[in-house]
file upload20.cif (mmCIF, C-alpha atoms)
data_model
#
loop_
_atom_site.label_atom_id
_atom_site.label_comp_id
_atom_site.auth_asym_id
_atom_site.auth_seq_id
_atom_site.Cartn_x
_atom_site.Cartn_y
_atom_site.Cartn_z
CA MET A 1 -153.78 63.33 140.85
CA SER A 2 -150.70 61.40 141.89
CA LYS A 3 -149.55 58.49 139.77
CA LYS A 4 -149.97 54.97 141.15
CA VAL A 5 -147.02 52.61 141.52
CA PHE A 6 -147.17 48.89 142.26
CA VAL A 7 -144.46 46.51 143.48
CA SER A 8 -144.74 42.88 144.53
CA GLY A 9 -142.51 40.43 146.36
CA CYS A 10 -141.95 38.32 149.44
CA TYR A 11 -140.24 41.00 151.58
CA ASP A 12 -139.38 38.54 154.29
CA MET A 13 -136.61 39.58 156.71
CA LEU A 14 -137.09 43.27 155.88
CA HIS A 15 -133.75 45.07 155.30
CA SER A 16 -132.26 48.32 153.99
CA GLY A 17 -132.26 47.02 150.40
CA HIS A 18 -136.03 46.71 150.54
CA ILE A 19 -136.36 50.23 151.93
CA ALA A 20 -134.10 51.66 149.21
CA PHE A 21 -136.24 49.87 146.61
CA PHE A 22 -139.46 51.25 148.09
CA LYS A 23 -137.92 54.72 148.25
CA GLU A 24 -136.93 54.69 144.58
CA ALA A 25 -140.22 53.15 143.46
CA SER A 26 -142.20 55.76 145.40
CA SER A 27 -140.46 58.53 143.45
CA TYR A 28 -142.81 57.64 140.56
CA GLY A 29 -146.00 58.08 142.63
CA ASP A 30 -148.10 56.59 145.44
CA LEU A 31 -146.65 53.18 146.25
CA TYR A 32 -148.80 50.07 146.66
CA VAL A 33 -147.01 46.92 147.84
CA GLY A 34 -148.38 43.45 147.24
CA ILE A 35 -146.72 40.62 149.16
CA GLY A 36 -146.77 36.91 148.48
CA SER A 37 -148.83 34.95 150.97
CA ASP A 38 -147.14 32.44 153.25
CA ALA A 39 -148.57 29.66 151.07
CA THR A 40 -147.25 31.22 147.84
CA VAL A 41 -143.75 31.69 149.26
CA ASP A 42 -143.75 28.07 150.40
CA GLU A 43 -144.88 26.96 146.92
CA LEU A 44 -142.33 29.00 144.96
CA LYS A 45 -139.33 28.94 147.29
CA GLY A 46 -139.84 25.58 148.96
CA ARG A 47 -139.48 27.04 152.46
CA LYS A 48 -141.52 28.67 155.19
CA THR A 49 -141.27 32.42 155.69
CA ILE A 50 -139.37 33.79 158.68
CA ASN A 51 -142.06 36.41 159.23
CA SER A 52 -145.74 35.64 158.68
CA GLU A 53 -147.77 37.56 156.13
CA GLN A 54 -149.46 39.47 158.97
CA GLU A 55 -146.07 40.58 160.36
CA ARG A 56 -144.77 41.53 156.93
CA ILE A 57 -147.87 43.62 156.17
CA TYR A 58 -147.58 45.35 159.55
CA MET A 59 -143.95 46.32 159.00
CA ILE A 60 -144.31 47.42 155.37
CA ASN A 61 -147.35 49.59 156.14
CA ALA A 62 -145.21 51.37 158.75
CA ILE A 63 -142.70 52.52 156.09
CA LYS A 64 -143.19 56.15 155.11
CA TYR A 65 -142.67 55.51 151.39
CA VAL A 66 -145.59 53.04 151.25
CA LYS A 67 -149.18 54.18 150.77
CA GLN A 68 -150.71 50.72 151.24
CA ALA A 69 -149.51 47.13 151.60
CA PHE A 70 -151.63 43.99 151.27
CA VAL A 71 -151.38 40.25 150.64
CA ASN A 72 -151.73 39.36 146.97
CA SER A 73 -155.03 37.60 146.37
CA GLY A 74 -153.74 34.98 143.91
CA SER A 75 -151.11 32.26 143.95
CA GLY A 76 -148.10 31.21 141.91
CA ILE A 77 -145.65 33.35 139.97
CA LEU A 78 -148.30 35.97 139.04
CA ASP A 79 -150.16 35.99 142.35
CA PHE A 80 -150.73 39.75 142.00
CA GLU A 81 -152.58 39.65 138.65
CA ASP A 82 -156.09 40.33 139.98
CA ASP A 83 -154.77 43.02 142.36
CA LEU A 84 -152.97 44.72 139.48
CA LYS A 85 -156.20 44.86 137.49
CA GLN A 86 -158.04 46.35 140.46
CA ILE A 87 -155.43 48.99 141.40
CA LYS A 88 -154.72 49.97 137.77
CA PRO A 89 -151.29 51.49 138.51
CA ASP A 90 -149.40 53.68 136.08
CA PHE A 91 -146.13 51.86 136.84
CA PHE A 92 -145.15 48.35 137.89
CA VAL A 93 -141.61 48.50 139.33
CA VAL A 94 -139.29 45.47 139.66
CA ASN A 95 -135.62 44.79 140.36
CA GLU A 96 -133.53 43.05 137.70
CA ASP A 97 -133.89 39.65 139.38
CA GLY A 98 -137.65 40.19 139.64
CA TYR A 99 -138.21 40.82 135.95
CA SER A 100 -139.87 38.15 133.84
CA PRO A 101 -141.33 38.14 130.32
CA SER A 102 -144.72 37.16 131.76
CA LYS A 103 -144.77 40.34 133.89
CA LYS A 104 -143.92 42.42 130.83
CA GLU A 105 -146.65 40.72 128.82
CA LEU A 106 -149.22 41.33 131.56
CA CYS A 107 -148.23 45.00 131.88
CA ASP A 108 -148.42 45.51 128.11
CA ALA A 109 -151.90 43.95 128.05
CA LEU A 110 -153.09 46.26 130.85
CA GLY A 111 -151.38 49.42 129.58
CA ILE A 112 -149.01 49.62 132.57
CA GLU A 113 -145.42 50.80 132.21
CA LEU A 114 -142.91 48.26 133.59
CA LYS A 115 -139.81 49.85 135.11
CA VAL A 116 -136.72 47.75 135.94
CA LEU A 117 -134.45 49.10 138.70
CA SER A 118 -130.88 48.15 139.56
CA ARG A 119 -130.04 47.09 143.09
CA ILE A 120 -128.30 50.22 144.41
CA PRO A 121 -128.03 50.68 148.19
CA ASP A 122 -128.87 54.06 149.68
CA ALA A 123 -125.94 56.39 150.35
CA GLY A 124 -123.41 55.01 152.83
CA LEU A 125 -125.18 51.67 153.29
CA PRO A 126 -123.91 48.22 152.26
CA GLU A 127 -125.66 46.17 149.59
CA ARG A 128 -128.28 43.88 151.10
CA SER A 129 -130.42 40.99 149.89
CA THR A 130 -132.64 38.53 151.72
CA THR A 131 -130.69 35.62 150.24
CA ALA A 132 -127.39 36.99 151.53
CA ILE A 133 -128.82 37.59 155.00
CA ARG A 134 -130.33 34.11 155.13
CA SER A 135 -127.04 32.62 153.91
CA ALA A 136 -125.00 34.46 156.54
CA GLY A 137 -126.61 32.45 159.32
CA ASN A 138 -128.31 29.75 157.35
CA CYS A 139 -127.85 27.70 154.16
CA THR A 140 -125.04 28.62 151.73
CA LEU A 141 -125.38 25.56 149.51
CA PRO A 142 -124.82 26.33 145.81
CA TYR A 143 -127.17 25.91 142.87
CA ARG A 144 -126.15 24.71 139.42
CA ILE A 145 -126.90 25.31 135.76
CA ASP A 146 -126.24 22.89 132.92
CA LEU A 147 -124.58 24.36 129.83
CA ALA A 148 -124.64 21.37 127.50
CA GLY A 149 -125.29 17.63 127.41
CA THR A 150 -128.44 17.67 129.52
CA TRP A 151 -129.94 14.14 129.69
CA ILE A 152 -126.65 12.37 128.86
CA ASP A 153 -126.35 11.51 132.57
CA GLN A 154 -129.20 9.03 132.12
CA PRO A 155 -128.13 5.53 130.93
CA TYR A 156 -131.18 5.27 128.68
CA VAL A 157 -129.61 8.16 126.73
CA SER A 158 -125.85 7.53 126.96
CA LYS A 159 -126.23 3.87 125.94
CA TYR A 160 -126.80 5.13 122.39
CA HIS A 161 -123.66 7.28 122.40
CA PRO A 162 -121.32 8.22 125.28
CA GLY A 163 -120.58 11.87 125.98
CA TRP A 164 -120.08 14.77 128.36
CA ALA A 165 -122.43 16.92 130.42
CA ILE A 166 -121.18 20.41 131.37
CA THR A 167 -122.25 22.13 134.60
CA LEU A 168 -121.55 25.41 136.37
CA SER A 169 -121.79 25.69 140.15
CA LEU A 170 -123.46 28.95 141.24
CA GLU A 171 -123.27 30.99 144.40
CA PRO A 172 -126.72 31.42 146.01
CA VAL A 173 -126.88 35.16 145.36
CA ILE A 174 -130.64 34.87 144.90
CA GLU A 175 -133.12 32.25 146.03
CA TYR A 176 -134.16 30.49 142.83
CA ASN A 177 -137.71 29.19 142.54
CA GLU A 178 -138.55 25.53 143.04
CA ARG A 179 -139.28 23.30 140.00
CA CYS A 180 -137.35 25.66 137.73
CA GLY A 181 -134.38 23.64 136.49
CA MET A 182 -131.90 24.91 139.08
CA SER A 183 -131.56 21.53 140.83
CA THR A 184 -133.54 22.70 143.85
CA SER A 185 -134.76 19.16 144.63
CA THR A 186 -131.17 17.87 144.84
CA ARG A 187 -130.18 20.96 146.82
CA ASN A 188 -133.02 20.25 149.26
CA ALA A 189 -131.70 16.70 149.63
CA ALA A 190 -128.22 18.13 150.29
CA LYS A 191 -129.65 20.26 153.13
CA LYS A 192 -130.54 17.05 154.96
CA ILE A 193 -126.87 16.04 154.98
CA TRP A 194 -125.23 19.48 155.24
CA PRO A 195 -127.86 21.93 156.55
CA TYR A 196 -125.72 25.06 156.33
CA TYR A 197 -122.70 24.62 154.03
CA LEU A 198 -120.71 22.02 152.15
CA PRO A 199 -117.67 20.42 153.81
CA LEU A 200 -114.36 21.86 152.68
CA GLU A 201 -112.70 18.89 151.03
CA LYS A 202 -113.11 16.29 148.25
CA PRO A 203 -115.96 17.83 146.21
CA GLU A 204 -116.13 14.84 143.85
CA LYS A 205 -116.69 12.54 146.82
CA LEU A 206 -119.33 14.90 148.21
CA ALA A 207 -121.15 14.74 144.87
CA GLU A 208 -121.11 10.94 144.99
CA ILE A 209 -122.45 10.95 148.56
CA LEU A 210 -125.25 13.34 147.59
CA PHE A 211 -126.14 11.32 144.47
CA LYS A 212 -126.43 8.10 146.47
CA PHE A 213 -128.34 9.81 149.28
CA GLU A 214 -130.93 11.26 146.90
CA ASN A 215 -131.33 8.03 144.94
CA THR A 216 -132.01 5.45 147.62
CA PRO A 217 -132.05 1.72 146.74
CA GLY A 218 -135.26 0.79 145.00
CA SER A 219 -135.86 4.25 143.48
CA THR A 220 -137.79 3.93 140.24
CA LEU A 221 -136.88 7.39 138.91
CA ILE A 222 -133.16 8.16 139.27
CA SER A 223 -132.12 11.81 139.50
CA GLY A 224 -129.18 12.43 137.17
CA ALA A 225 -125.69 12.77 138.61
CA GLN A 226 -125.15 16.17 136.99
CA ASP A 227 -127.33 17.79 139.69
CA ALA A 228 -125.19 16.53 142.57
CA ILE A 229 -121.99 17.28 140.64
CA GLY A 230 -123.06 20.82 139.77
CA ILE A 231 -123.89 21.57 143.39
CA CYS A 232 -120.82 19.98 145.00
CA MET A 233 -118.04 20.62 142.47
CA PRO A 234 -117.09 24.31 142.05
CA GLY A 235 -116.31 26.16 138.83
CA LEU A 236 -116.89 24.71 135.38
CA VAL A 237 -116.99 20.91 135.27
CA ARG A 238 -117.64 18.35 132.59
CA HIS A 239 -118.38 14.71 133.33
CA TYR A 240 -118.37 11.75 130.92
CA TYR A 241 -121.14 9.13 130.79
CA ASP A 242 -121.27 5.77 129.05
CA ASN A 243 -124.39 3.72 129.82
CA ALA A 244 -124.05 4.30 133.57
CA TYR A 245 -125.48 6.64 136.20
CA TRP A 246 -122.11 7.81 137.52
CA PRO A 247 -119.56 9.42 135.15
CA LEU A 248 -116.35 7.65 134.18
CA LYS A 249 -114.21 10.81 134.35
CA PHE A 250 -114.21 14.51 135.17
CA GLU A 251 -112.50 17.62 133.82
CA SER A 252 -112.62 21.06 135.42
CA ILE A 253 -111.78 24.66 134.54
CA HIS A 254 -111.01 27.10 137.34
CA LYS A 255 -109.10 29.83 135.48
CA GLU A 256 -110.39 33.16 136.70
CA GLU A 257 -110.31 34.78 133.24
CA THR A 258 -112.46 31.94 131.84
CA LEU A 259 -115.03 32.09 134.65
CA LYS A 260 -115.26 35.88 134.34
CA TRP A 261 -115.73 35.49 130.59
CA LEU A 262 -118.65 33.14 131.19
CA GLU A 263 -120.19 35.48 133.77
CA SER A 264 -120.01 38.35 131.27
CA HIS A 265 -121.78 36.39 128.51
CA LEU A 266 -124.39 34.37 130.42
CA CYS A 267 -127.60 35.69 131.96
CA MET A 268 -130.96 34.26 132.97
CA ALA A 269 -134.60 35.21 132.53
CA MET A 270 -137.27 33.93 134.90
CA LEU A 271 -140.23 32.13 133.31
CA TRP A 272 -142.51 30.07 135.58
CA PRO A 273 -142.25 26.82 137.56
CA ARG A 274 -142.71 23.57 135.69
CA GLU A 275 -146.38 22.60 135.67
CA PRO A 276 -147.31 19.82 138.12
CA GLY A 277 -147.84 16.53 136.36
CA LEU A 278 -145.83 17.45 133.26
CA ASP A 279 -144.47 14.19 131.81
CA LEU A 280 -141.22 14.96 130.02
CA LEU A 281 -140.79 11.27 129.24
CA GLY A 282 -144.24 10.87 127.72
CA GLU A 283 -142.97 11.40 124.17
CA THR A 284 -139.31 10.73 123.41
CA TYR A 285 -137.12 10.09 120.38
CA ILE A 286 -133.96 8.66 121.92
CA ASN A 287 -131.69 6.94 119.42
CA THR A 288 -128.13 7.09 118.15
CA GLU A 289 -129.06 9.55 115.42
CA ASN A 290 -130.37 12.05 117.98
CA VAL A 291 -127.98 11.43 120.90
CA LYS A 292 -124.79 11.82 118.88
CA PRO A 293 -125.46 15.52 118.04
CA LEU A 294 -126.00 16.13 121.78
CA THR A 295 -122.53 14.78 122.58
CA GLU A 296 -120.92 16.63 119.67
CA ALA A 297 -122.47 19.90 120.81
CA ALA A 298 -121.10 19.42 124.33
CA ASP A 299 -117.60 18.93 122.87
CA GLU A 300 -118.02 22.11 120.83
CA VAL A 301 -119.18 24.10 123.87
CA TRP A 302 -116.22 22.94 125.97
CA GLU A 303 -113.63 23.83 123.33
CA ALA A 304 -115.27 27.20 122.71
CA ILE A 305 -115.14 28.04 126.42
CA LYS A 306 -111.45 27.11 126.62
CA GLU A 307 -110.76 29.36 123.63
CA ARG A 308 -113.19 32.01 124.89
CA ASP A 309 -114.75 32.04 121.42
CA LEU A 310 -118.20 33.56 121.85
CA GLU A 311 -119.51 32.76 118.38
CA LYS A 312 -118.46 29.12 118.63
CA PHE A 313 -119.84 28.92 122.20
CA ALA A 314 -123.24 30.23 121.10
CA ALA A 315 -123.36 27.80 118.17
CA GLY A 316 -122.60 24.78 120.37
CA PHE A 317 -125.04 26.01 123.03
CA SER A 318 -127.82 26.20 120.44
CA LYS A 319 -126.99 22.79 118.99
CA SER A 320 -127.12 21.22 122.45
CA PHE A 321 -130.58 22.65 123.15
CA GLU A 322 -131.83 21.62 119.72
CA ALA A 323 -130.61 18.06 120.33
CA GLN A 324 -132.30 17.96 123.76
CA THR A 325 -135.65 19.16 122.46
CA LYS A 326 -135.51 16.78 119.51
CA MET A 327 -135.19 13.85 121.92
CA PHE A 328 -137.61 15.28 124.51
CA PRO A 329 -140.13 17.54 122.72
CA GLU A 330 -142.16 18.05 125.92
CA MET A 331 -139.30 20.29 127.16
CA VAL A 332 -140.81 23.16 125.18
CA ASN A 333 -144.27 24.33 124.18
CA ASP A 334 -145.86 27.28 122.40
CA ARG A 335 -145.76 29.40 125.54
CA ILE A 336 -142.03 28.83 126.05
CA ASN A 337 -141.29 29.39 122.37
CA ALA A 338 -143.13 32.70 122.56
CA GLU A 339 -140.85 33.81 125.41
CA ILE A 340 -137.73 32.69 123.52
CA GLU A 341 -138.89 34.74 120.53
CA LYS A 342 -138.72 37.91 122.66
CA PHE A 343 -134.96 37.47 123.16
CA LYS A 344 -133.93 36.49 119.65
CA ASP A 345 -132.86 40.02 118.72
CA LYS A 346 -130.80 40.38 121.94
CA ALA A 347 -129.28 36.95 122.55
CA LEU A 348 -126.95 34.79 120.48
CA ALA A 349 -128.24 31.50 121.93
CA TRP A 350 -130.64 30.18 124.54
CA LYS A 351 -131.71 27.07 126.37
CA LEU A 352 -133.88 26.12 129.31
CA ALA A 353 -132.31 25.37 132.66
CA GLY A 354 -132.62 21.71 133.57
CA ALA A 355 -135.14 19.39 131.96
CA GLY A 356 -137.43 22.13 130.69
CA GLY A 357 -141.15 22.69 130.82
CA GLY A 358 -140.61 26.13 132.35
CA GLY A 359 -138.15 27.51 134.90
CA TYR A 360 -135.38 29.83 133.79
CA LEU A 361 -134.14 30.68 130.32
CA ILE A 362 -130.34 30.73 130.07
CA LEU A 363 -129.13 33.24 127.48
CA VAL A 364 -125.78 33.73 125.74
CA SER A 365 -125.20 37.33 124.72
CA GLU A 366 -122.41 39.66 123.70
CA LYS A 367 -123.38 42.18 126.39
CA PRO A 368 -125.77 42.09 129.37
CA ILE A 369 -129.46 42.02 128.47
CA GLU A 370 -131.64 44.49 130.35
CA GLY A 371 -134.05 42.87 132.77
CA THR A 372 -132.14 39.60 133.08
CA MET A 373 -130.20 38.15 136.00
CA ARG A 374 -126.43 37.83 136.01
CA ILE A 375 -124.79 34.69 137.40
CA ASN A 376 -122.06 34.34 140.02
CA ILE A 377 -119.95 31.20 139.53
CA ARG A 378 -118.69 29.49 142.67
CA ARG A 379 -114.89 29.56 142.71
CA LYS A 380 -112.65 26.75 143.89
CA GLU A 381 -111.06 29.13 146.40
CA ALA A 382 -114.44 29.44 148.11
CA LEU A 383 -113.98 25.93 149.41
#
call {"tool": "encode", "arguments": {"input": "upload20.cif", "output": "structure tokens"}}
result
Amino acid sequence: MSKKVFVSGCYDMLHSGHIAFFKEASSYGDLYVGIGSDATVDELKGRKTINSEQERIYMINAIKYVKQAFVNSGSGILDFEDDLKQIKPDFFVVNEDGYSPSKKELCDALGIELKVLSRIPDAGLPERSTTAIRSAGNCTLPYRIDLAGTWIDQPYVSKYHPGWAITLSLEPVIEYNERCGMSTSTRNAAKKIWPYYLPLEKPEKLAEILFKFENTPGSTLISGAQDAIGICMPGLVRHYYDNAYWPLKFESIHKEETLKWLESHLCMAMLWPREPGLDLLGETYINTENVKPLTEAADEVWEAIKERDLEKFAAGFSKSFEAQTKMFPEMVNDRINAEIEKFKDKALAWKLAGAGGGGYLILVSEKPIEGTMRINIRRKEAL
């Protein structure tokens, strides 16, 4: 009897990269393809699909490498769980940016072998991704990750001790999930001003415009400035806060060797979207004793990056995350700590993207970690 192979994804805007993936996956056995429903894609990506689930099923079932395609019966990040239990495949195949610890855990529990493939186009064809195709005629707005100093952009934190936040602006090489610490809410606000791409000049001013647009007069919960800054200002940027919502000063690094160094030592693992209703401010310990280590760690991270000192960078990165979680313990829970534990023998340091509660795990490592996503920093020249 032939082996069974399962893959799952959105597969909107079907392209040659999808076909190459199906072709390679089918080499392990009969291929079953589960697709995210229109509602699930909307929930996770914050957008409507180009092609409906009925159209996507029709097209995928017409591909010769596919034995059967269907709409996953569940919802959320593991919308295929019940289907996986019913099909009982021998292999679950994912691309590197589709790997997550929760998928590995589920496969281990069900006795299924998880295989992680690299994105390699078929012979003679260019590399393709849905995000790149959408960006070519649609939105090319960046994302951002925060490296250190998260929360210092809130006056109720910086009033105890001023300090820097450090952000990296990222090219949209993949479409990151909503509510996952990648500043998708601020990016969605930016789309209302600049639907397709950022203007070419004055990135600091663009960040200020976006910050004020998102936080309208009378807002009770102010989104931190680091989100707008990370989206609008390219490269590596740090911004200094002292009991105010907008930073007093900026410093940037655009040296190619430094940005390449960061790209070679940073990667990301997908977890799950932050749970609805999670109150990160429900239990806090914000005081001078706890805020000062946060600011000191950000200084250490910045100097380590300038020196390209990996050991020092990892130490500062860890100290920053420890300071954040000490002030805001709801950032982490037993489930997140269990996922972190899986990377402790591979990574030098780790932290959650954004305010925590789920999302993506940012890892510092000496060499790339299998099954994680690489980052692509937006260069100043791209303006």
call {"tool": "atom_distance", "arguments": {"input": "upload20.cif", "atom1": "CA of Asn290 in chain A", "atom2": "CA of Gly235 in chain A"}}
result
28.8 Å
call {"tool": "resolve_selection", "arguments": {"input": "upload20.cif", "expression": "the PyMOL selection byres ((chain A and resi 314) around 12)", "output": "PyMOL selection string"}}
result
chain A and resi 147-148+262+265-266+297-298+300-305+308-313+315-321+347-351+362-366
call {"tool": "resolve_selection", "arguments": {"input": "upload20.cif", "expression": "the PyMOL selection byres ((chain A and resi 163) around 8)", "output": "list in words"}}
result
Gly149, Ile152, Ser158, His161, Pro162, Trp164, Ala165, Tyr240, Tyr241, Asp242, Thr295, Glu296 and Ala298 of chain A
call {"tool": "residues_around", "arguments": {"input": "upload20.cif", "residues": "range 54-56 of chain A", "least_positions_apart": "6", "cutoff": "9 Å", "atoms": "all atoms listed in the file", "output": "list in words"}}
result
Cys10, Tyr11, Asp12, Met13, Leu14, Ile35 and Val71 of chain A
call {"tool": "atom_distance", "arguments": {"input": "upload20.cif", "atom1": "CA of Val66 in chain A", "atom2": "CA of Asp42 in chain A"}}
result
25.1 Å
call {"tool": "resolve_selection", "arguments": {"input": "upload20.cif", "expression": "the PyMOL selection byres ((chain A and resi 168-185) around 9)", "output": "PDB file with C-alpha atoms, in the frame of the given file"}}
result
ATOM      1  CA  GLU A  43    -144.880  26.960 146.920  1.00  0.00           C
ATOM      2  CA  LEU A  44    -142.330  29.000 144.960  1.00  0.00           C
ATOM      3  CA  LYS A  45    -139.330  28.940 147.290  1.00  0.00           C
ATOM      4  CA  GLY A  46    -139.840  25.580 148.960  1.00  0.00           C
ATOM      5  CA  ASP A  97    -133.890  39.650 139.380  1.00  0.00           C
ATOM      6  CA  SER A 129    -130.420  40.990 149.890  1.00  0.00           C
ATOM      7  CA  THR A 130    -132.640  38.530 151.720  1.00  0.00           C
ATOM      8  CA  THR A 131    -130.690  35.620 150.240  1.00  0.00           C
ATOM      9  CA  ALA A 132    -127.390  36.990 151.530  1.00  0.00           C
ATOM     10  CA  SER A 135    -127.040  32.620 153.910  1.00  0.00           C
ATOM     11  CA  THR A 140    -125.040  28.620 151.730  1.00  0.00           C
ATOM     12  CA  LEU A 141    -125.380  25.560 149.510  1.00  0.00           C
ATOM     13  CA  PRO A 142    -124.820  26.330 145.810  1.00  0.00           C
ATOM     14  CA  TYR A 143    -127.170  25.910 142.870  1.00  0.00           C
ATOM     15  CA  ARG A 144    -126.150  24.710 139.420  1.00  0.00           C
ATOM     16  CA  ILE A 145    -126.900  25.310 135.760  1.00  0.00           C
ATOM     17  CA  ASP A 146    -126.240  22.890 132.920  1.00  0.00           C
ATOM     18  CA  LEU A 147    -124.580  24.360 129.830  1.00  0.00           C
ATOM     19  CA  ILE A 166    -121.180  20.410 131.370  1.00  0.00           C
ATOM     20  CA  THR A 167    -122.250  22.130 134.600  1.00  0.00           C
ATOM     21  CA  THR A 186    -131.170  17.870 144.840  1.00  0.00           C
ATOM     22  CA  ARG A 187    -130.180  20.960 146.820  1.00  0.00           C
ATOM     23  CA  ASN A 188    -133.020  20.250 149.260  1.00  0.00           C
ATOM     24  CA  ALA A 189    -131.700  16.700 149.630  1.00  0.00           C
ATOM     25  CA  ALA A 190    -128.220  18.130 150.290  1.00  0.00           C
ATOM     26  CA  ASP A 227    -127.330  17.790 139.690  1.00  0.00           C
ATOM     27  CA  ALA A 228    -125.190  16.530 142.570  1.00  0.00           C
ATOM     28  CA  ILE A 229    -121.990  17.280 140.640  1.00  0.00           C
ATOM     29  CA  GLY A 230    -123.060  20.820 139.770  1.00  0.00           C
ATOM     30  CA  ILE A 231    -123.890  21.570 143.390  1.00  0.00           C
ATOM     31  CA  CYS A 232    -120.820  19.980 145.000  1.00  0.00           C
ATOM     32  CA  MET A 233    -118.040  20.620 142.470  1.00  0.00           C
ATOM     33  CA  PRO A 234    -117.090  24.310 142.050  1.00  0.00           C
ATOM     34  CA  GLY A 235    -116.310  26.160 138.830  1.00  0.00           C
ATOM     35  CA  LEU A 236    -116.890  24.710 135.380  1.00  0.00           C
ATOM     36  CA  VAL A 237    -116.990  20.910 135.270  1.00  0.00           C
ATOM     37  CA  ARG A 238    -117.640  18.350 132.590  1.00  0.00           C
ATOM     38  CA  MET A 270    -137.270  33.930 134.900  1.00  0.00           C
ATOM     39  CA  LEU A 271    -140.230  32.130 133.310  1.00  0.00           C
ATOM     40  CA  TRP A 272    -142.510  30.070 135.580  1.00  0.00           C
ATOM     41  CA  PRO A 273    -142.250  26.820 137.560  1.00  0.00           C
ATOM     42  CA  ARG A 274    -142.710  23.570 135.690  1.00  0.00           C
ATOM     43  CA  GLU A 275    -146.380  22.600 135.670  1.00  0.00           C
ATOM     44  CA  PRO A 276    -147.310  19.820 138.120  1.00  0.00           C
ATOM     45  CA  LEU A 352    -133.880  26.120 129.310  1.00  0.00           C
ATOM     46  CA  ALA A 353    -132.310  25.370 132.660  1.00  0.00           C
ATOM     47  CA  GLY A 354    -132.620  21.710 133.570  1.00  0.00           C
ATOM     48  CA  ALA A 355    -135.140  19.390 131.960  1.00  0.00           C
ATOM     49  CA  GLY A 356    -137.430  22.130 130.690  1.00  0.00           C
ATOM     50  CA  GLY A 357    -141.150  22.690 130.820  1.00  0.00           C
ATOM     51  CA  GLY A 358    -140.610  26.130 132.350  1.00  0.00           C
ATOM     52  CA  GLY A 359    -138.150  27.510 134.900  1.00  0.00           C
ATOM     53  CA  TYR A 360    -135.380  29.830 133.790  1.00  0.00           C
ATOM     54  CA  ILE A 375    -124.790  34.690 137.400  1.00  0.00           C
ATOM     55  CA  ASN A 376    -122.060  34.340 140.020  1.00  0.00           C
ATOM     56  CA  ILE A 377    -119.950  31.200 139.530  1.00  0.00           C
ATOM     57  CA  ARG A 378    -118.690  29.490 142.670  1.00  0.00           C
ATOM     58  CA  ARG A 379    -114.890  29.560 142.710  1.00  0.00           C
TER      59      ARG A 379
END
call {"tool": "closest_residue", "arguments": {"input": "upload20.cif", "among": "A:His239, A:Arg47, A:Lys292, A:Lys367", "to": "Lys191 in chain A", "atoms": "only C-alpha atoms"}}
result
A:Arg47
call {"tool": "closest_residue", "arguments": {"input": "upload20.cif", "among": "A:Ala244, A:Leu78, A:Val291, A:Val5", "to": "Leu106 in chain A", "atoms": "only C-alpha atoms"}}
result
A:Leu78
call {"tool": "closest_residue", "arguments": {"input": "upload20.cif", "among": "A:Met373, A:Leu110, A:Val94, A:Ile253", "to": "Asp82 in chain A", "atoms": "all atoms listed in the file"}}
result
A:Leu110
call {"tool": "residues_around", "arguments": {"input": "upload20.cif", "residues": "range 113-120 of chain A", "least_positions_apart": "2", "cutoff": "12 Å", "atoms": "all atoms listed in the file", "output": "VMD selection string"}}
result
chain A and resid 3 to 7 16 to 25 28 88 to 111 122 to 129 369 to 374
call {"tool": "closest_residue", "arguments": {"input": "upload20.cif", "among": "A:Met331, A:Glu283, A:Lys380, A:Tyr156", "to": "Lys255 in chain A", "atoms": "all atoms listed in the file"}}
result
A:Lys380
call {"tool": "residues_around", "arguments": {"input": "upload20.cif", "residues": "Leu280 in chain A", "least_positions_apart": "2", "cutoff": "7 Å", "atoms": "all atoms listed in the file", "output": "list in words"}}
result
Leu278, Gly282, Phe328, Glu330 and Met331 of chain A
call {"tool": "axis_aligned_box", "arguments": {"input": "upload20.cif", "around": "range 41-54 of chain A", "padding_each_side": "5 Å", "output": "AutoDock Vina command-line options"}}
result
--center_x -144.4 --center_y 32.5 --center_z 152.1 --size_x 20.1 --size_y 23.9 --size_z 24.3
